[in-house]
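Participant: Input final-v4.txt, format and content: compact mmCIF, N, CA and C atoms.
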# COMPACT_ATOMS: atom_id res chain seq x y z
N MET A 15 6.19 -30.69 1.65
CA MET A 15 5.22 -31.23 0.71
C MET A 15 4.64 -30.10 -0.12
N ASN A 16 4.57 -30.34 -1.40
CA ASN A 16 3.98 -29.34 -2.29
C ASN A 16 2.47 -29.51 -2.31
N ILE A 17 1.78 -28.41 -2.31
CA ILE A 17 0.32 -28.42 -2.39
C ILE A 17 -0.05 -28.30 -3.87
N PRO A 18 -0.88 -29.21 -4.35
CA PRO A 18 -1.30 -29.10 -5.76
C PRO A 18 -1.99 -27.75 -6.00
N GLU A 19 -1.90 -27.30 -7.22
CA GLU A 19 -2.56 -26.06 -7.59
C GLU A 19 -4.06 -26.20 -7.37
N LEU A 20 -4.71 -25.08 -7.11
CA LEU A 20 -6.14 -25.10 -6.83
C LEU A 20 -6.94 -25.71 -7.97
N ASP A 21 -6.55 -25.45 -9.21
CA ASP A 21 -7.30 -26.03 -10.33
C ASP A 21 -7.17 -27.55 -10.36
N GLU A 22 -6.02 -28.08 -9.94
CA GLU A 22 -5.85 -29.53 -9.84
C GLU A 22 -6.74 -30.09 -8.73
N LEU A 23 -6.74 -29.42 -7.58
CA LEU A 23 -7.58 -29.85 -6.47
C LEU A 23 -9.05 -29.82 -6.86
N TYR A 24 -9.43 -28.76 -7.55
CA TYR A 24 -10.82 -28.62 -7.99
C TYR A 24 -11.19 -29.77 -8.92
N ALA A 25 -10.33 -30.07 -9.87
CA ALA A 25 -10.60 -31.15 -10.82
C ALA A 25 -10.68 -32.50 -10.11
N LEU A 26 -9.83 -32.71 -9.12
CA LEU A 26 -9.79 -33.99 -8.41
C LEU A 26 -10.99 -34.20 -7.48
N TYR A 27 -11.40 -33.16 -6.78
CA TYR A 27 -12.35 -33.33 -5.69
C TYR A 27 -13.71 -32.69 -5.87
N ARG A 28 -13.91 -31.91 -6.92
CA ARG A 28 -15.17 -31.19 -7.10
C ARG A 28 -16.37 -32.12 -7.14
N ALA A 29 -16.32 -33.13 -7.95
CA ALA A 29 -17.48 -34.01 -8.14
C ALA A 29 -17.84 -34.73 -6.84
N ASP A 30 -16.84 -35.30 -6.18
CA ASP A 30 -17.10 -36.01 -4.91
C ASP A 30 -17.66 -35.07 -3.86
N LEU A 31 -17.06 -33.91 -3.75
CA LEU A 31 -17.50 -32.95 -2.74
C LEU A 31 -18.91 -32.43 -3.05
N TYR A 32 -19.17 -32.17 -4.32
CA TYR A 32 -20.50 -31.70 -4.71
C TYR A 32 -21.58 -32.74 -4.38
N ARG A 33 -21.30 -34.01 -4.72
CA ARG A 33 -22.27 -35.07 -4.39
C ARG A 33 -22.50 -35.16 -2.89
N TYR A 34 -21.43 -35.07 -2.12
CA TYR A 34 -21.55 -35.10 -0.66
C TYR A 34 -22.41 -33.93 -0.17
N LEU A 35 -22.14 -32.74 -0.67
CA LEU A 35 -22.89 -31.56 -0.24
C LEU A 35 -24.35 -31.63 -0.68
N CYS A 36 -24.62 -32.21 -1.85
CA CYS A 36 -26.01 -32.40 -2.28
C CYS A 36 -26.75 -33.34 -1.34
N ARG A 37 -26.08 -34.42 -0.94
CA ARG A 37 -26.72 -35.35 0.01
C ARG A 37 -26.94 -34.67 1.36
N LEU A 38 -25.98 -33.88 1.77
CA LEU A 38 -26.05 -33.22 3.06
C LEU A 38 -27.16 -32.17 3.10
N THR A 39 -27.26 -31.36 2.06
CA THR A 39 -28.21 -30.25 2.04
C THR A 39 -29.53 -30.57 1.36
N ARG A 40 -29.53 -31.56 0.47
CA ARG A 40 -30.69 -31.89 -0.35
C ARG A 40 -31.15 -30.69 -1.19
N ASP A 41 -30.17 -29.87 -1.58
CA ASP A 41 -30.45 -28.65 -2.33
C ASP A 41 -29.24 -28.35 -3.22
N SER A 42 -29.41 -28.48 -4.54
CA SER A 42 -28.28 -28.30 -5.44
C SER A 42 -27.71 -26.88 -5.42
N ALA A 43 -28.55 -25.88 -5.26
CA ALA A 43 -28.06 -24.50 -5.21
C ALA A 43 -27.23 -24.27 -3.95
N ALA A 44 -27.70 -24.78 -2.83
CA ALA A 44 -26.94 -24.65 -1.58
C ALA A 44 -25.62 -25.42 -1.69
N ALA A 45 -25.66 -26.58 -2.33
CA ALA A 45 -24.45 -27.37 -2.51
C ALA A 45 -23.43 -26.62 -3.35
N GLU A 46 -23.88 -25.95 -4.41
CA GLU A 46 -22.98 -25.14 -5.24
C GLU A 46 -22.36 -24.01 -4.43
N ASP A 47 -23.18 -23.34 -3.62
CA ASP A 47 -22.66 -22.25 -2.78
C ASP A 47 -21.61 -22.77 -1.79
N LEU A 48 -21.91 -23.89 -1.17
CA LEU A 48 -20.97 -24.47 -0.21
C LEU A 48 -19.70 -24.96 -0.89
N LEU A 49 -19.83 -25.48 -2.10
CA LEU A 49 -18.67 -25.92 -2.86
C LEU A 49 -17.75 -24.72 -3.14
N SER A 50 -18.33 -23.63 -3.56
CA SER A 50 -17.54 -22.42 -3.83
C SER A 50 -16.87 -21.92 -2.56
N GLU A 51 -17.61 -21.90 -1.47
CA GLU A 51 -17.06 -21.44 -0.19
C GLU A 51 -15.93 -22.35 0.28
N THR A 52 -16.08 -23.64 0.08
CA THR A 52 -15.05 -24.59 0.48
C THR A 52 -13.75 -24.33 -0.27
N PHE A 53 -13.82 -24.15 -1.58
CA PHE A 53 -12.61 -23.91 -2.35
C PHE A 53 -12.03 -22.53 -2.09
N LEU A 54 -12.86 -21.57 -1.79
CA LEU A 54 -12.35 -20.25 -1.41
C LEU A 54 -11.57 -20.35 -0.10
N ARG A 55 -12.10 -21.08 0.87
CA ARG A 55 -11.39 -21.27 2.14
C ARG A 55 -10.11 -22.07 1.94
N ALA A 56 -10.14 -23.04 1.04
CA ALA A 56 -8.93 -23.81 0.75
C ALA A 56 -7.85 -22.91 0.17
N LEU A 57 -8.24 -22.02 -0.70
CA LEU A 57 -7.30 -21.08 -1.30
C LEU A 57 -6.69 -20.17 -0.22
N LYS A 58 -7.54 -19.64 0.63
CA LYS A 58 -7.07 -18.76 1.70
C LYS A 58 -6.19 -19.49 2.71
N GLY A 59 -6.50 -20.77 2.97
CA GLY A 59 -5.76 -21.51 3.97
C GLY A 59 -4.53 -22.23 3.44
N ALA A 60 -4.31 -22.20 2.14
CA ALA A 60 -3.20 -22.93 1.54
C ALA A 60 -1.84 -22.50 2.09
N VAL A 61 -1.71 -21.24 2.44
CA VAL A 61 -0.41 -20.74 2.91
C VAL A 61 -0.04 -21.32 4.28
N THR A 62 -1.02 -21.76 5.04
CA THR A 62 -0.73 -22.31 6.36
C THR A 62 -0.77 -23.83 6.40
N PHE A 63 -1.01 -24.46 5.24
CA PHE A 63 -1.06 -25.92 5.17
C PHE A 63 0.32 -26.49 5.43
N ARG A 64 0.45 -27.35 6.45
CA ARG A 64 1.75 -27.89 6.85
C ARG A 64 2.02 -29.27 6.26
N GLY A 65 1.05 -29.88 5.65
CA GLY A 65 1.27 -31.17 5.04
C GLY A 65 1.25 -32.32 6.02
N GLU A 66 0.75 -32.10 7.22
CA GLU A 66 0.69 -33.15 8.24
C GLU A 66 -0.50 -34.09 8.04
N SER A 67 -1.35 -33.75 7.11
CA SER A 67 -2.49 -34.59 6.77
C SER A 67 -2.66 -34.53 5.25
N GLY A 68 -3.53 -35.36 4.76
CA GLY A 68 -3.77 -35.34 3.32
C GLY A 68 -4.56 -34.10 2.91
N VAL A 69 -4.39 -33.70 1.69
CA VAL A 69 -5.10 -32.52 1.18
C VAL A 69 -6.61 -32.73 1.25
N LYS A 70 -7.06 -33.95 0.96
CA LYS A 70 -8.49 -34.23 0.94
C LYS A 70 -9.11 -34.07 2.32
N THR A 71 -8.34 -34.35 3.37
CA THR A 71 -8.89 -34.19 4.72
C THR A 71 -9.12 -32.75 5.01
Rewrite the structure of this file - the entire thing - as structure tokens.
Facilitator:
Amino acid sequence: MNIPELDELYALYRADLYRYLCRLTRDSAAAEDLLSETFLRALKGAVTFRGESGVKT
């Protein structure tokens, strides 16, 4: 399975993830930080992604 490029993933999931993080933290600045950290970890972990689950999971 091919992993979509990070910019595609960002475009697809940024808004949903940001809203979720805002609800979770109740702090937009913290949500932005967590959003950045999430995509950084996704980038680092992409090489080990086996495709056994959906990208969104």
Participant: Within chain A, find each residue whose DSSP state, derived from the backbone, is helix (DSSP H, G or I), and express the selection as an MDAnalysis selection string.
Facilitator: chainID A and resid 20:39 42:62
Participant: Taking only C-alpha atoms into account, name the residue in A:Leu38, A:Glu22, A:Tyr32, A:Gly65 that is nearest to Thr52 (chain A).
Facilitator: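 Counting only C-alpha atoms, the residue closest to Thr52 (chain A) is A:Tyr32.
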Participant: Quick check, in Å to one decimal: how far apart do CA of Phe53 (chain A) and atom N of Leu31 (chain A) lie?
Facilitator: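 The value is 11.0 Å.
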Participant: For CA of Ser50 (chain A) and CA of Leu26 (chain A), quote the distance in Å rounded to one decimal.
Facilitator: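 Interatomic distance, CA of Ser50 (chain A) to CA of Leu26 (chain A): 14.7 Å.
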Participant: Which residue out of A:Leu49, A:Leu57, A:Val69, A:Leu23 has the minimum interatomic distance to Leu35 (chain A) when only C-alpha atoms are used?
Facilitator: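 Ranking A:Leu49, A:Leu57, A:Val69, A:Leu23 by distance to Leu35 (chain A), first place goes to A:Leu49.
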Participant: May I ask for the distance between CA of Leu20 (chain A) and CA of Arg40 (chain A), given in Å to one decimal place?
Facilitator: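 Computed distance, CA of Leu20 (chain A) to CA of Arg40 (chain A), equals 26.3 Å.
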